[in-house]
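Notes follow the structure.
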Amino acid sequence: MCPADALITTCPACAKVLFARYDLSAAASEMSPASLASRPWNLSRYAEILPVQDWATAPMLGEGGTPLHEAPTLGREFGFDRLLVKDESLNPTGSFKARGLAMAVARARELGAVTVAIPSAGNAAAAMAAYAARAGLRAIVAMPRDVPPVMKAECIALGATVLLVDGLIDDCGKVIRAGAAAHGWFDVSTLREPYRAEGKKTMGIEIADQLGWRLPDAIIYPTGGGTGIVGMWKAFAELEAMGLIGPERPKMIVVQAAGCAPIVRAFESGAAHAERWPNATTIAAGLRVPAAIGDYLILTALRESGGTALTVTDAEMMEGMTLAARREGMFVSPESGAAFIAARRLRESGFLKPEDLTVVFATGSGLMHTDLIATPDAVIDPTAPDLTAAIDRRMAAGSR
Ligand SMILES: *Cc1c(COP(=O)(O)O)cnc(C)c1O
């Protein structure tokens, strides 16, 4: 056990991941379905099992409480009786990274941190920058130099110092750890401090809450560092200990990119840890994580839940984005596109049955990825003598 009232990263004895622990029987007496009925749909709804001490001054921006949409058209197309989408694109800064970083930054501020720092290919950096600005902390971000310009711009707009690194995300991690050691920055890298997982676990609590304190049969999650899988798996254990759910668990399903799939490979080979994936490449920055500190935790959740792990190509992710956008009106990130394709593939293979209530995670917004979308450049001259003919010529060229 490590004391919870000091800034901590990983375990000082074994360097593994630390988890927050609560008095769950005390929490259970406060956090009943009846008492929850009158609470707002944000992270403070589950305050008894979250680390923040003072919610009144915590740097909150409206994270959490995202919709659990029905996806009737894609559900029918893929062969599910009911397909649900947890739409995380509606979080502040456009991804579910907001949940984890809200908790990490809030707690870092409460424990006296002055500067928070993160290696990130985009969404985590933007989320940290936003909460640091809100909390009055200094923000340092290390990003691969080829990060999309929109991600850099968002961090700079939010006041972060951006360090561009000639390398991948784990090289950025090296830069942040060097700066942290030299200058006392507090490193909020994935699972290197205990509270991002606490924020991410609220996704699992919300799903149970939104389904009337039952869990779905399967959760399909595009996985990079794995904070979400690890956090939700912890949440389910806590909810069971509190008597809010029973011992049943959804099949936890990891989706990774064909060009970076360390967890899938380890799952298939039966390994307890994942080997670093060399030369990771994918359009999905959230999935471009060649080595995850929590690999053993992700693999445990997969195996204990009877879940599985699969890869999706970049082209398929794009197809998934298009399907979600055109069939269901959700413009989501490539990572989310991967999750939709995985749902289809697992129905085709029979791993999931029509009656399996399945939740697909849309983890981020498509708005950060407009560079992936072909857009028309033909223009119509509004002074053309035959404007209808000009319109018809353009229409005949199709939607692009
Ligand atoms: C970070 C990220 C992921 C991966 O999430 P983890 O919980 O770290 O595995 C997936 N999708 C998007 C959009 C992300 O930003």
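Ordered as shown in the structure tokens, chains take letters A, B, and onward, while each chain numbers its residues from 1 and ligands are numbered from 1 in the order shown.
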> Skipping near chain neighbours, those fewer than 5 positions away, what residues fall within 6 Å of stretch 162-169 of chain A using only C-alpha atoms, listed as JSON, numbers by chain?
Replying inline: {"A": [141, 142, 143, 144, 145]}
Pull C-alpha atoms from the residues just selected and write them as a compact mmCIF listing (two decimals), in the first residue's frame.
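Final output, out-v6.txt:
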# COMPACT_ATOMS: atom_id res chain seq x y z
CA VAL A 141 3.50 18.09 -23.86
CA ALA A 142 5.93 15.89 -25.80
CA MET A 143 4.55 14.93 -29.23
CA PRO A 144 5.94 12.98 -32.17
CA ARG A 145 7.01 15.56 -34.77
With only C-alpha atoms and all ligand atoms counted and 8 Å as the cut-off, give the residues of chain A in contact with ligand 1, each with its shortest interatomic distance in Å and the pair that gives it, as a tab-separated table.
residue	atom	partner	partner_atom_place_in_ligand_line	distance
A:Ser95	CA	ligand 1	13 (C)	5.8
A:Phe96	CA	ligand 1	15 (O)	6.8
A:Lys97	CA	ligand 1	15 (O)	6.0
A:Gly122	CA	ligand 1	15 (O)	7.1
A:Asn123	CA	ligand 1	15 (O)	4.8
A:Ala124	CA	ligand 1	15 (O)	6.4
A:Thr190	CA	ligand 1	8 (O)	6.8
A:Lys200	CA	ligand 1	7 (O)	7.4
A:Tyr221	CA	ligand 1	10 (C)	7.6
A:Pro222	CA	ligand 1	10 (C)	5.1
A:Thr223	CA	ligand 1	9 (O)	3.7
A:Gly224	CA	ligand 1	9 (O)	3.6
A:Gly225	CA	ligand 1	8 (O)	3.9
A:Gly226	CA	ligand 1	9 (O)	3.3
A:Thr227	CA	ligand 1	7 (O)	3.9
A:Gly228	CA	ligand 1	7 (O)	3.8
A:Ile229	CA	ligand 1	7 (O)	6.3
A:Val230	CA	ligand 1	7 (O)	7.9
A:Ala284	CA	ligand 1	11 (N)	7.5
A:Ala285	CA	ligand 1	15 (O)	7.1
A:Gly286	CA	ligand 1	2 (C)	3.7
A:Leu287	CA	ligand 1	4 (C)	5.6
A:Ser333	CA	ligand 1	13 (C)	5.9
A:Pro334	CA	ligand 1	13 (C)	7.4
A:Glu335	CA	ligand 1	11 (N)	4.9
A:Ser336	CA	ligand 1	11 (N)	6.5
A:Ala362	CA	ligand 1	11 (N)	7.6
A:Thr363	CA	ligand 1	13 (C)	4.6
A:Gly364	CA	ligand 1	13 (C)	4.1
A:Ser365	CA	ligand 1	13 (C)	7.2
Using only C-alpha atoms, tabulate the residues of stretch 100-119 of chain A lying at most 12 Å from any atom of stretch 5-25 of chain A, each with its closest atom pair and that distance in Å to one decimal, by chain and increasing residue number, as JSON lines.
{"residue": "A:Met103", "atom": "CA", "partner": "A:Ala20", "partner_atom": "CA", "distance": 11.7}
{"residue": "A:Ala104", "atom": "CA", "partner": "A:Leu7", "partner_atom": "CA", "distance": 10.5}
{"residue": "A:Val105", "atom": "CA", "partner": "A:Leu7", "partner_atom": "CA", "distance": 11.2}
{"residue": "A:Ala106", "atom": "CA", "partner": "A:Leu7", "partner_atom": "CA", "distance": 11.7}
{"residue": "A:Arg107", "atom": "CA", "partner": "A:Leu7", "partner_atom": "CA", "distance": 8.5}
{"residue": "A:Ala108", "atom": "CA", "partner": "A:Leu7", "partner_atom": "CA", "distance": 6.7}
{"residue": "A:Arg109", "atom": "CA", "partner": "A:Leu7", "partner_atom": "CA", "distance": 9.5}
{"residue": "A:Glu110", "atom": "CA", "partner": "A:Asp5", "partner_atom": "CA", "distance": 9.1}
{"residue": "A:Leu111", "atom": "CA", "partner": "A:Leu7", "partner_atom": "CA", "distance": 5.9}
{"residue": "A:Gly112", "atom": "CA", "partner": "A:Leu7", "partner_atom": "CA", "distance": 7.8}
{"residue": "A:Ala113", "atom": "CA", "partner": "A:Leu7", "partner_atom": "CA", "distance": 7.7}
{"residue": "A:Val114", "atom": "CA", "partner": "A:Leu7", "partner_atom": "CA", "distance": 11.4}
{"residue": "A:Val116", "atom": "CA", "partner": "A:Leu7", "partner_atom": "CA", "distance": 11.6}
Could the residues in this selection be written to a file with N, CA and C atoms, as a tab-separated table (two decimals), in the first residue's frame?
chain	number	residue	atom	x	y	z
A	103	MET	N	-9.37	13.63	-13.87
A	103	MET	CA	-9.05	13.07	-12.55
A	103	MET	C	-7.56	13.24	-12.22
A	104	ALA	N	-6.69	12.95	-13.19
A	104	ALA	CA	-5.25	13.03	-12.91
A	104	ALA	C	-4.84	14.45	-12.57
A	105	VAL	N	-5.34	15.42	-13.34
A	105	VAL	CA	-4.94	16.81	-13.11
A	105	VAL	C	-5.57	17.34	-11.81
A	106	ALA	N	-6.83	16.98	-11.58
A	106	ALA	CA	-7.49	17.44	-10.35
A	106	ALA	C	-6.72	16.96	-9.12
A	107	ARG	N	-6.35	15.71	-9.15
A	107	ARG	CA	-5.67	15.11	-7.99
A	107	ARG	C	-4.23	15.65	-7.88
A	108	ALA	N	-3.57	15.84	-9.02
A	108	ALA	CA	-2.21	16.40	-9.00
A	108	ALA	C	-2.24	17.80	-8.38
A	109	ARG	N	-3.26	18.58	-8.75
A	109	ARG	CA	-3.39	19.93	-8.19
A	109	ARG	C	-3.64	19.85	-6.68
A	110	GLU	N	-4.53	18.97	-6.26
A	110	GLU	CA	-4.82	18.84	-4.83
A	110	GLU	C	-3.58	18.45	-4.04
A	111	LEU	N	-2.68	17.68	-4.68
A	111	LEU	CA	-1.50	17.19	-3.98
A	111	LEU	C	-0.28	18.08	-4.20
A	112	GLY	N	-0.51	19.26	-4.80
A	112	GLY	CA	0.55	20.27	-4.83
A	112	GLY	C	1.42	20.32	-6.07
A	113	ALA	N	1.06	19.58	-7.13
A	113	ALA	CA	1.86	19.67	-8.36
A	113	ALA	C	1.76	21.07	-8.94
A	114	VAL	N	2.84	21.51	-9.59
A	114	VAL	CA	2.88	22.83	-10.22
A	114	VAL	C	2.85	22.68	-11.74
A	116	VAL	N	2.33	19.76	-14.91
A	116	VAL	CA	1.99	18.40	-15.33
A	116	VAL	C	2.54	18.19	-16.74
Identify, with DSSP run on backbone atoms, the residues in stretch 36-144 of chain A assigned to alpha helix (DSSP H), and express the list as a PDB file with N, CA and C atoms, in the first residue's frame.
ATOM      1  N   LEU A  36     -28.532   8.059  -6.580  1.00  0.00           N
ATOM      2  CA  LEU A  36     -27.973   8.497  -7.866  1.00  0.00           C
ATOM      3  C   LEU A  36     -29.018   9.182  -8.738  1.00  0.00           C
ATOM      4  N   PRO A  72     -29.341   1.468 -34.652  1.00  0.00           N
ATOM      5  CA  PRO A  72     -30.270   0.490 -35.234  1.00  0.00           C
ATOM      6  C   PRO A  72     -29.900   0.071 -36.655  1.00  0.00           C
ATOM      7  N   THR A  73     -29.419   1.016 -37.450  1.00  0.00           N
ATOM      8  CA  THR A  73     -29.124   0.674 -38.850  1.00  0.00           C
ATOM      9  C   THR A  73     -27.915  -0.252 -38.930  1.00  0.00           C
ATOM     10  N   LEU A  74     -26.833   0.115 -38.260  1.00  0.00           N
ATOM     11  CA  LEU A  74     -25.646  -0.745 -38.292  1.00  0.00           C
ATOM     12  C   LEU A  74     -25.899  -2.043 -37.547  1.00  0.00           C
ATOM     13  N   GLY A  75     -26.697  -1.997 -36.486  1.00  0.00           N
ATOM     14  CA  GLY A  75     -27.038  -3.210 -35.756  1.00  0.00           C
ATOM     15  C   GLY A  75     -27.680  -4.215 -36.700  1.00  0.00           C
ATOM     16  N   ARG A  76     -28.645  -3.736 -37.476  1.00  0.00           N
ATOM     17  CA  ARG A  76     -29.348  -4.603 -38.429  1.00  0.00           C
ATOM     18  C   ARG A  76     -28.366  -5.116 -39.490  1.00  0.00           C
ATOM     19  N   GLU A  77     -27.561  -4.166 -40.015  1.00  0.00           N
ATOM     20  CA  GLU A  77     -26.616  -4.539 -41.071  1.00  0.00           C
ATOM     21  C   GLU A  77     -25.603  -5.592 -40.611  1.00  0.00           C
ATOM     22  N   PHE A  78     -25.139  -5.454 -39.368  1.00  0.00           N
ATOM     23  CA  PHE A  78     -24.123  -6.380 -38.863  1.00  0.00           C
ATOM     24  C   PHE A  78     -24.738  -7.675 -38.324  1.00  0.00           C
ATOM     25  N   LYS A  97     -10.242  10.827 -23.454  1.00  0.00           N
ATOM     26  CA  LYS A  97      -9.063  11.172 -22.662  1.00  0.00           C
ATOM     27  C   LYS A  97      -9.428  12.214 -21.591  1.00  0.00           C
ATOM     28  N   ALA A  98     -10.479  12.978 -21.850  1.00  0.00           N
ATOM     29  CA  ALA A  98     -10.906  13.999 -20.889  1.00  0.00           C
ATOM     30  C   ALA A  98     -11.204  13.386 -19.522  1.00  0.00           C
ATOM     31  N   ARG A  99     -11.834  12.226 -19.520  1.00  0.00           N
ATOM     32  CA  ARG A  99     -12.219  11.627 -18.226  1.00  0.00           C
ATOM     33  C   ARG A  99     -10.989  11.356 -17.361  1.00  0.00           C
ATOM     34  N   GLY A 100      -9.991  10.706 -17.968  1.00  0.00           N
ATOM     35  CA  GLY A 100      -8.811  10.319 -17.210  1.00  0.00           C
ATOM     36  C   GLY A 100      -8.008  11.527 -16.782  1.00  0.00           C
ATOM     37  N   LEU A 101      -7.866  12.466 -17.698  1.00  0.00           N
ATOM     38  CA  LEU A 101      -7.007  13.609 -17.374  1.00  0.00           C
ATOM     39  C   LEU A 101      -7.695  14.581 -16.441  1.00  0.00           C
ATOM     40  N   ALA A 102      -9.009  14.626 -16.460  1.00  0.00           N
ATOM     41  CA  ALA A 102      -9.719  15.427 -15.458  1.00  0.00           C
ATOM     42  C   ALA A 102      -9.344  14.945 -14.060  1.00  0.00           C
ATOM     43  N   MET A 103      -9.369  13.630 -13.869  1.00  0.00           N
ATOM     44  CA  MET A 103      -9.046  13.073 -12.550  1.00  0.00           C
ATOM     45  C   MET A 103      -7.563  13.238 -12.221  1.00  0.00           C
ATOM     46  N   ALA A 104      -6.690  12.952 -13.186  1.00  0.00           N
ATOM     47  CA  ALA A 104      -5.250  13.027 -12.907  1.00  0.00           C
ATOM     48  C   ALA A 104      -4.836  14.455 -12.572  1.00  0.00           C
ATOM     49  N   VAL A 105      -5.344  15.423 -13.337  1.00  0.00           N
ATOM     50  CA  VAL A 105      -4.942  16.813 -13.113  1.00  0.00           C
ATOM     51  C   VAL A 105      -5.574  17.341 -11.815  1.00  0.00           C
ATOM     52  N   ALA A 106      -6.825  16.983 -11.582  1.00  0.00           N
ATOM     53  CA  ALA A 106      -7.493  17.440 -10.350  1.00  0.00           C
ATOM     54  C   ALA A 106      -6.721  16.965  -9.117  1.00  0.00           C
ATOM     55  N   ARG A 107      -6.349  15.707  -9.151  1.00  0.00           N
ATOM     56  CA  ARG A 107      -5.669  15.113  -7.991  1.00  0.00           C
ATOM     57  C   ARG A 107      -4.228  15.653  -7.880  1.00  0.00           C
ATOM     58  N   ALA A 108      -3.567  15.841  -9.025  1.00  0.00           N
ATOM     59  CA  ALA A 108      -2.208  16.404  -9.001  1.00  0.00           C
ATOM     60  C   ALA A 108      -2.241  17.800  -8.378  1.00  0.00           C
ATOM     61  N   ARG A 109      -3.262  18.582  -8.746  1.00  0.00           N
ATOM     62  CA  ARG A 109      -3.387  19.928  -8.187  1.00  0.00           C
ATOM     63  C   ARG A 109      -3.641  19.849  -6.678  1.00  0.00           C
ATOM     64  N   GLU A 110      -4.535  18.971  -6.265  1.00  0.00           N
ATOM     65  CA  GLU A 110      -4.819  18.838  -4.827  1.00  0.00           C
ATOM     66  C   GLU A 110      -3.577  18.451  -4.039  1.00  0.00           C
ATOM     67  N   ASN A 123      -4.759  13.311 -28.456  1.00  0.00           N
ATOM     68  CA  ASN A 123      -5.932  13.522 -27.608  1.00  0.00           C
ATOM     69  C   ASN A 123      -5.601  13.678 -26.123  1.00  0.00           C
ATOM     70  N   ALA A 124      -4.660  12.892 -25.627  1.00  0.00           N
ATOM     71  CA  ALA A 124      -4.325  12.988 -24.208  1.00  0.00           C
ATOM     72  C   ALA A 124      -3.663  14.330 -23.911  1.00  0.00           C
ATOM     73  N   ALA A 125      -2.848  14.779 -24.868  1.00  0.00           N
ATOM     74  CA  ALA A 125      -2.169  16.068 -24.681  1.00  0.00           C
ATOM     75  C   ALA A 125      -3.179  17.204 -24.620  1.00  0.00           C
ATOM     76  N   ALA A 126      -4.128  17.183 -25.551  1.00  0.00           N
ATOM     77  CA  ALA A 126      -5.126  18.250 -25.574  1.00  0.00           C
ATOM     78  C   ALA A 126      -5.946  18.240 -24.291  1.00  0.00           C
ATOM     79  N   ALA A 127      -6.325  17.047 -23.849  1.00  0.00           N
ATOM     80  CA  ALA A 127      -7.126  16.957 -22.618  1.00  0.00           C
ATOM     81  C   ALA A 127      -6.313  17.464 -21.426  1.00  0.00           C
ATOM     82  N   MET A 128      -5.052  17.036 -21.327  1.00  0.00           N
ATOM     83  CA  MET A 128      -4.244  17.502 -20.198  1.00  0.00           C
ATOM     84  C   MET A 128      -4.080  19.013 -20.243  1.00  0.00           C
ATOM     85  N   ALA A 129      -3.837  19.540 -21.439  1.00  0.00           N
ATOM     86  CA  ALA A 129      -3.645  20.993 -21.571  1.00  0.00           C
ATOM     87  C   ALA A 129      -4.892  21.738 -21.102  1.00  0.00           C
ATOM     88  N   ALA A 130      -6.060  21.224 -21.454  1.00  0.00           N
ATOM     89  CA  ALA A 130      -7.301  21.892 -21.064  1.00  0.00           C
ATOM     90  C   ALA A 130      -7.485  21.882 -19.543  1.00  0.00           C
ATOM     91  N   TYR A 131      -7.304  20.722 -18.930  1.00  0.00           N
ATOM     92  CA  TYR A 131      -7.515  20.654 -17.475  1.00  0.00           C
ATOM     93  C   TYR A 131      -6.423  21.399 -16.711  1.00  0.00           C
ATOM     94  N   ALA A 132      -5.198  21.390 -17.244  1.00  0.00           N
ATOM     95  CA  ALA A 132      -4.124  22.148 -16.589  1.00  0.00           C
ATOM     96  C   ALA A 132      -4.451  23.636 -16.639  1.00  0.00           C
ATOM     97  N   ALA A 133      -4.938  24.114 -17.795  1.00  0.00           N
ATOM     98  CA  ALA A 133      -5.303  25.532 -17.911  1.00  0.00           C
ATOM     99  C   ALA A 133      -6.384  25.860 -16.885  1.00  0.00           C
ATOM    100  N   ARG A 134      -7.368  25.003 -16.815  1.00  0.00           N
ATOM    101  CA  ARG A 134      -8.499  25.199 -15.897  1.00  0.00           C
ATOM    102  C   ARG A 134      -8.029  25.204 -14.432  1.00  0.00           C
ATOM    103  N   ALA A 135      -7.017  24.352 -14.153  1.00  0.00           N
ATOM    104  CA  ALA A 135      -6.528  24.199 -12.773  1.00  0.00           C
ATOM    105  C   ALA A 135      -5.439  25.203 -12.433  1.00  0.00           C
TER     106      ALA A 135
END
> If you run DSSP on this backbone, which residues of stretch 82-305 of chain A come out as strand (DSSP E), and could you give them as a PyMOL selection string?
Replying inline: chain A and resi 83-87+115-119+138-144+161-165+186-187+218-222+251-257
> What does the distance from atom CA of A:Asp217 to atom CA of A:Leu43 come to in Å, to one decimal?
Replying inline: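 Going from atom CA of A:Asp217 over to atom CA of A:Leu43 covers 24.2 Å.
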> What is the atom CA of A:Gly65-atom CA of A:Asn42 distance in Å, reported with one decimal?
Replying inline: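 Atom-to-atom, atom CA of A:Gly65 and atom CA of A:Asn42 are spaced 5.1 Å apart.
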> What lies within 9 Å of A:Val359 using only C-alpha atoms, ignoring chain neighbours under 5 positions off, as a list in words?
Replying inline: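 Result of the neighbour search: Leu68, Leu83, Leu84, Val85, Lys86, Ile207, Pro216, Asp217, Ala218, Ile219, Ile220, Tyr221 and Ala343 of chain A.
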> For A:Ala291, which of A:Gly179, A:Asp171, A:Glu206, A:Thr375 is the closest residue, counting only C-alpha atoms?
Replying inline: A:Asp171
